[in-house]
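**Q** Have a look at this one.
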Amino acid sequence: MPVLRTPALSEVQPAPCRIVVCRDCCCGTPKVTGVDHAQQTARLTEAAPVRIADCLDVCDQANVIVVQPSAAARAAGARPVWLGLVNDPDATEDIAAWVRAGGPGVAPRPDILDLYVFTPPRKGR
């Protein structure tokens, strides 16, 4: 029987930034026409870990992608970046390139992505 070894902390790679892709009632459905949703998700998965989320409650911004900073960047003050209306393959490529460069708090966000950034509404308490 093989012996399992827990890696030393110095061997563990820090978690990269991550991507959350909304895929429920509007995002990722035929309601948003002209987008290959599977290809968009696959392309983003090549850049970073991707989590598929149910409705993020900002359907008016479909397709929604949230880029979450790495743990180190978050500890240094970086916050998630919400991107809406990401319905163009070029925008997907811009997001993938930014994430590969390190994402929020590590690499400057390309100016073109400012067109997609929005502040999500706060949920009522």
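By convention in this document, the chains of the structure tokens carry letters A, B, ... by their order, each chain's residues are numbered from 1, and ligands are numbered from 1 in the order they are shown.
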Find the residues near region 99-106 of chain A: any atom within 12 Å, counting only C-alpha atoms, skip ones fewer than 6 places away on the same chain, and give them as an NGL selection string.

**A** :A and (14-19 or 43-50 or 66-82 or 92-93 or 113)

**Q** Restricted to N, CA and C atoms, what would the selected residues look like written as an mmCIF file, in the first residue's frame?

**A**
```cif
data_model
loop_
_atom_site.group_PDB
_atom_site.id
_atom_site.type_symbol
_atom_site.label_atom_id
_atom_site.label_comp_id
_atom_site.auth_asym_id
_atom_site.auth_seq_id
_atom_site.Cartn_x
_atom_site.Cartn_y
_atom_site.Cartn_z
ATOM 1 N N PRO A 14 0.659 28.841 -4.232
ATOM 2 C CA PRO A 14 -0.437 29.707 -3.802
ATOM 3 C C PRO A 14 -1.596 29.608 -4.785
ATOM 4 N N ALA A 15 -2.793 29.728 -4.277
ATOM 5 C CA ALA A 15 -3.978 29.645 -5.125
ATOM 6 C C ALA A 15 -4.010 30.826 -6.084
ATOM 7 N N PRO A 16 -4.243 30.554 -7.352
ATOM 8 C CA PRO A 16 -4.331 31.645 -8.327
ATOM 9 C C PRO A 16 -5.672 32.365 -8.185
ATOM 10 N N CYS A 17 -5.834 33.405 -8.963
ATOM 11 C CA CYS A 17 -7.160 34.003 -8.978
ATOM 12 C C CYS A 17 -8.113 32.984 -9.593
ATOM 13 N N ARG A 18 -9.366 33.168 -9.368
ATOM 14 C CA ARG A 18 -10.393 32.227 -9.829
ATOM 15 C C ARG A 18 -11.484 32.991 -10.562
ATOM 16 N N ILE A 19 -12.247 32.235 -11.332
ATOM 17 C CA ILE A 19 -13.316 32.828 -12.125
ATOM 18 C C ILE A 19 -14.624 32.149 -11.755
ATOM 19 N N ARG A 43 -12.795 28.301 -22.628
ATOM 20 C CA ARG A 43 -11.664 29.214 -22.817
ATOM 21 C C ARG A 43 -11.200 29.787 -21.482
ATOM 22 N N LEU A 44 -12.144 30.166 -20.630
ATOM 23 C CA LEU A 44 -11.787 30.709 -19.325
ATOM 24 C C LEU A 44 -11.145 29.637 -18.443
ATOM 25 N N THR A 45 -11.592 28.390 -18.582
ATOM 26 C CA THR A 45 -11.039 27.290 -17.811
ATOM 27 C C THR A 45 -9.570 27.064 -18.151
ATOM 28 N N GLU A 46 -9.168 27.403 -19.366
ATOM 29 C CA GLU A 46 -7.763 27.292 -19.748
ATOM 30 C C GLU A 46 -6.890 28.306 -19.009
ATOM 31 N N ALA A 47 -7.494 29.392 -18.534
ATOM 32 C CA ALA A 47 -6.738 30.470 -17.888
ATOM 33 C C ALA A 47 -6.668 30.329 -16.371
ATOM 34 N N ALA A 48 -7.718 29.776 -15.766
ATOM 35 C CA ALA A 48 -7.776 29.703 -14.299
ATOM 36 C C ALA A 48 -8.878 28.737 -13.887
ATOM 37 N N PRO A 49 -8.891 28.351 -12.615
ATOM 38 C CA PRO A 49 -10.004 27.523 -12.139
ATOM 39 C C PRO A 49 -11.325 28.287 -12.299
ATOM 40 N N VAL A 50 -12.333 27.596 -12.812
ATOM 41 C CA VAL A 50 -13.645 28.199 -13.045
ATOM 42 C C VAL A 50 -14.687 27.447 -12.235
ATOM 43 N N VAL A 66 -17.288 36.788 -12.802
ATOM 44 C CA VAL A 66 -16.657 37.422 -11.647
ATOM 45 C C VAL A 66 -15.234 36.888 -11.550
ATOM 46 N N VAL A 67 -14.265 37.794 -11.559
ATOM 47 C CA VAL A 67 -12.866 37.411 -11.403
ATOM 48 C C VAL A 67 -12.485 37.675 -9.954
ATOM 49 N N GLN A 68 -12.171 36.591 -9.252
ATOM 50 C CA GLN A 68 -11.821 36.687 -7.841
ATOM 51 C C GLN A 68 -10.305 36.730 -7.698
ATOM 52 N N PRO A 69 -9.786 37.613 -6.865
ATOM 53 C CA PRO A 69 -8.327 37.697 -6.686
ATOM 54 C C PRO A 69 -7.782 36.461 -5.992
ATOM 55 N N SER A 70 -6.497 36.255 -6.153
ATOM 56 C CA SER A 70 -5.825 35.187 -5.417
ATOM 57 C C SER A 70 -5.901 35.501 -3.924
ATOM 58 N N ALA A 71 -5.619 34.503 -3.110
ATOM 59 C CA ALA A 71 -5.651 34.718 -1.664
ATOM 60 C C ALA A 71 -4.671 35.806 -1.246
ATOM 61 N N ALA A 72 -3.478 35.805 -1.833
ATOM 62 C CA ALA A 72 -2.476 36.816 -1.479
ATOM 63 C C ALA A 72 -2.934 38.206 -1.900
ATOM 64 N N ALA A 73 -3.499 38.315 -3.090
ATOM 65 C CA ALA A 73 -3.974 39.623 -3.557
ATOM 66 C C ALA A 73 -5.153 40.095 -2.708
ATOM 67 N N ARG A 74 -6.019 39.168 -2.328
ATOM 68 C CA ARG A 74 -7.164 39.517 -1.476
ATOM 69 C C ARG A 74 -6.658 40.029 -0.126
ATOM 70 N N ALA A 75 -5.651 39.367 0.434
ATOM 71 C CA ALA A 75 -5.089 39.804 1.718
ATOM 72 C C ALA A 75 -4.468 41.183 1.604
ATOM 73 N N ALA A 76 -4.014 41.535 0.397
ATOM 74 C CA ALA A 76 -3.410 42.850 0.174
ATOM 75 C C ALA A 76 -4.450 43.899 -0.205
ATOM 76 N N GLY A 77 -5.733 43.521 -0.232
ATOM 77 C CA GLY A 77 -6.788 44.498 -0.470
ATOM 78 C C GLY A 77 -7.537 44.375 -1.783
ATOM 79 N N ALA A 78 -7.135 43.474 -2.673
ATOM 80 C CA ALA A 78 -7.849 43.317 -3.947
ATOM 81 C C ALA A 78 -9.233 42.734 -3.698
ATOM 82 N N ARG A 79 -10.171 43.113 -4.531
ATOM 83 C CA ARG A 79 -11.544 42.645 -4.403
ATOM 84 C C ARG A 79 -11.990 42.009 -5.718
ATOM 85 N N PRO A 80 -13.041 41.175 -5.663
ATOM 86 C CA PRO A 80 -13.559 40.580 -6.894
ATOM 87 C C PRO A 80 -14.005 41.655 -7.878
ATOM 88 N N VAL A 81 -13.851 41.357 -9.153
ATOM 89 C CA VAL A 81 -14.273 42.263 -10.213
ATOM 90 C C VAL A 81 -15.431 41.598 -10.956
ATOM 91 N N TRP A 82 -16.568 42.285 -10.976
ATOM 92 C CA TRP A 82 -17.757 41.783 -11.653
ATOM 93 C C TRP A 82 -17.791 42.366 -13.061
ATOM 94 N N THR A 92 -13.873 37.831 -23.810
ATOM 95 C CA THR A 92 -13.464 36.607 -23.121
ATOM 96 C C THR A 92 -11.946 36.454 -23.184
ATOM 97 N N GLU A 93 -11.367 36.728 -24.342
ATOM 98 C CA GLU A 93 -9.907 36.645 -24.498
ATOM 99 C C GLU A 93 -9.198 37.666 -23.616
ATOM 100 N N LEU A 113 -11.604 46.312 -20.523
ATOM 101 C CA LEU A 113 -12.527 45.627 -19.615
ATOM 102 C C LEU A 113 -13.328 46.594 -18.756
#
```

**Q** Residues of chain A classed as strand (DSSP E or B) by DSSP on the backbone are to be reported as a PyMOL selection string.

**A** chain A and resi 18-22+50-53+65-68+81-83+117

**Q** From a backbone DSSP assignment, name each residue in region 44-103 of chain A labelled helix (DSSP H, G or I), as number ranges by chain.

**A** A: 44-47, 59-61, 71-75, 89-101

**Q** Compile the contact shell of region 30-40 of chain A as a count of residues only: residues with an atom at most 12 Å away, counting only C-alpha atoms, same-chain residues fewer than 2 positions apart removed.

**A** 36

**Q** Quote the spacing between CA of Tyr116 (chain A) and CA of Gly84 (chain A) in Å to one decimal place.

**A**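 According to the coordinates, CA of Tyr116 (chain A) and CA of Gly84 (chain A) are separated by 5.2 Å.
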
**Q** Using Å and a single decimal, report how far CA of Ala53 (chain A) sits from CA of Thr119 (chain A).

**A**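 Between CA of Thr119 (chain A) and CA of Ala53 (chain A) the gap works out to 17.7 Å.
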
**Q** Please, what distance in Å, to one decimal, runs between CA of Leu56 (chain A) and CA of Thr29 (chain A)?

**A**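 Computing the Euclidean distance for CA of Leu56 (chain A) and CA of Thr29 (chain A) yields 14.0 Å.
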